[in-house]
Amino acid sequence: MKTAPSATAKRPRILAGNTPASGDGARAHTVALYEAALRLMQEGKFEKAHTAFNQMLATAPPDLAERIRMYINACIQQISRHQTQFGSHEERYDYAISLLNDGNYEDARTQLKKIIAENGQADYAFYGLAVLASMTGDAQACLEHLTEAIHLSPQNRIQARADSDFQDMADDPRFTELLYPEA
């Protein structure tokens, strides 16, 4: 006579290894980090995703580790594909302005700051940062960058007077005073 196996003693069949405990807090945390890193990749933030995947690799369960390695390689490929080389600061500036026009404000800011880091006298980069600040609603940063651009090249004052990118600043008395100091 056969006896029915008890329900508590029966375990699900698996191909290899052990099934992870579903209540394991560390695994749940790693899976949450993994999903966040995947979202970064989907948003095109490959450098941040690469960093996130690398941080979790050491403590990742074996079943996730191989996938993490695969995504690390994908991030590296995407990063190298998107790295650009510029022959001059002006080329980098043109690229930054194209990013700005496409609405990639953070990437544009990064490129403009790289110009300034390499050449602190690049008035056009300060002017670009002023435009970016105006477009993103940061009046104080706009005024600071435009002040520096005008200090480096007074011609920027005349250019800013006719620049429609500063339309959001037109009502700010500090902006008017900066552009029309003689008035």
# chains A, B, ... in the order shown; residues from 1 in each chain; ligands from 1
>>> residues_around(residues="Ala37 of chain A", least_positions_apart="3", cutoff="12 Å", atoms="only C-alpha atoms", output="PyMOL selection string")
chain A and resi 30-34+40-57+67-68+71-72+75
>>> select_by_dssp(residues="segment 4-123 of chain A", states="alpha helix (DSSP H)", output="ChimeraX atom specification")
/A:25-42,46-57,62-82,89-101,105-118,123
>>> closest_residue(among="A:Ser134, A:His145, A:Asp94, A:Ala139", to="Pro173 of chain A", atoms="only C-alpha atoms")
A:Ala139
>>> closest_atom_pairs(of="segment 63-131 of chain A", to="segment 147-168 of chain A", cutoff="9 Å", atoms="only C-alpha atoms", output="Markdown table")
| residue | atom | partner | partner_atom | distance |
| --- | --- | --- | --- | --- |
| A:Gln121 | CA | A:Leu152 | CA | 6.7 |
| A:Ala122 | CA | A:Leu152 | CA | 7.8 |
| A:Asp123 | CA | A:Ala149 | CA | 4.6 |
| A:Tyr124 | CA | A:Ala149 | CA | 6.8 |
| A:Ala125 | CA | A:Ala149 | CA | 7.9 |
| A:Phe126 | CA | A:Ala149 | CA | 5.2 |
| A:Tyr127 | CA | A:Ala149 | CA | 5.3 |
| A:Gly128 | CA | A:Ala149 | CA | 9.0 |
| A:Ala130 | CA | A:Ala149 | CA | 8.4 |
| A:Val131 | CA | A:Asp165 | CA | 6.1 |
>>> write_last_selection(atoms="N, CA and C atoms", output="CSV table (one decimal), in the first residue's frame")
chain,number,residue,atom,x,y,z
A,121,GLN,N,39.5,80.9,-20.1
A,121,GLN,CA,39.2,82.1,-20.8
A,121,GLN,C,38.2,82.0,-21.9
A,122,ALA,N,37.5,80.8,-22.0
A,122,ALA,CA,36.6,80.6,-23.1
A,122,ALA,C,35.2,81.3,-22.8
A,123,ASP,N,35.1,82.5,-23.2
A,123,ASP,CA,33.9,83.3,-22.9
A,123,ASP,C,32.7,82.7,-23.5
A,124,TYR,N,32.8,82.0,-24.7
A,124,TYR,CA,31.7,81.4,-25.4
A,124,TYR,C,31.1,80.3,-24.5
A,125,ALA,N,32.0,79.6,-23.8
A,125,ALA,CA,31.5,78.5,-22.9
A,125,ALA,C,30.7,79.0,-21.7
A,126,PHE,N,31.2,80.2,-21.1
A,126,PHE,CA,30.4,80.8,-20.1
A,126,PHE,C,29.1,81.3,-20.6
A,127,TYR,N,29.1,81.9,-21.8
A,127,TYR,CA,27.9,82.3,-22.5
A,127,TYR,C,26.9,81.2,-22.7
A,128,GLY,N,27.4,80.0,-23.1
A,128,GLY,CA,26.6,78.8,-23.3
A,128,GLY,C,26.0,78.4,-22.0
A,130,ALA,N,25.3,80.3,-19.5
A,130,ALA,CA,24.3,81.3,-19.2
A,130,ALA,C,23.0,81.0,-19.9
A,131,VAL,N,23.1,80.7,-21.2
A,131,VAL,CA,21.9,80.3,-22.0
A,131,VAL,C,21.3,79.1,-21.4
>>> residues_around(residues="segment 109-115 of chain A", least_positions_apart="5", cutoff="7 Å", atoms="only C-alpha atoms", output="number ranges by chain")
A: 89, 92-93, 96, 125, 129
>>> atom_distance(atom1="atom CA of Ser98 of chain A", atom2="atom CA of Ala117 of chain A")
19.9 Å
>>> atom_distance(atom1="atom CA of Asp102 of chain A", atom2="atom CA of Glu118 of chain A")
24.5 Å
>>> closest_residue(among="A:Gly120, A:Met70, A:Pro181, A:Leu100", to="Thr136 of chain A", atoms="only C-alpha atoms")
A:Leu100
>>> atom_distance(atom1="atom CA of Ala58 of chain A", atom2="atom CA of Ser80 of chain A")
23.8 Å
>>> residues_around(residues="Arg174 of chain A", least_positions_apart="5", cutoff="12 Å", atoms="only C-alpha atoms", output="list of chain:residue names")
A:Ala139, A:Gln140, A:Cys142, A:Leu143, A:Glu144, A:Leu146, A:Thr147, A:Met169, A:Leu179, A:Tyr180, A:Pro181
>>> write_last_selection(atoms="N, CA and C atoms", output="CSV table (one decimal), in the first residue's frame")
chain,number,residue,atom,x,y,z
A,139,ALA,N,18.0,81.5,-12.7
A,139,ALA,CA,18.3,82.9,-12.9
A,139,ALA,C,19.7,83.3,-12.3
A,140,GLN,N,20.0,82.8,-11.1
A,140,GLN,CA,21.2,83.2,-10.5
A,140,GLN,C,22.4,82.7,-11.3
A,142,CYS,N,22.5,81.9,-14.4
A,142,CYS,CA,22.5,82.6,-15.6
A,142,CYS,C,23.3,83.9,-15.5
A,143,LEU,N,22.9,84.7,-14.5
A,143,LEU,CA,23.6,86.0,-14.3
A,143,LEU,C,25.1,85.8,-14.0
A,144,GLU,N,25.4,84.8,-13.2
A,144,GLU,CA,26.8,84.6,-12.9
A,144,GLU,C,27.7,84.2,-14.1
A,146,LEU,N,26.8,84.7,-17.3
A,146,LEU,CA,26.8,85.8,-18.3
A,146,LEU,C,27.7,87.0,-17.9
A,147,THR,N,27.8,87.2,-16.6
A,147,THR,CA,28.7,88.2,-16.1
A,147,THR,C,30.1,87.9,-16.4
A,169,MET,N,14.6,85.8,-18.9
A,169,MET,CA,15.4,86.7,-18.0
A,169,MET,C,15.0,88.1,-18.2
A,179,LEU,N,23.0,94.0,-18.8
A,179,LEU,CA,23.0,94.3,-20.3
A,179,LEU,C,23.0,95.7,-20.6
A,180,TYR,N,22.5,96.6,-19.8
A,180,TYR,CA,22.4,98.0,-20.0
A,180,TYR,C,23.0,98.8,-18.8
A,181,PRO,N,24.2,98.6,-18.5
A,181,PRO,CA,24.8,99.3,-17.3
A,181,PRO,C,24.8,100.8,-17.4
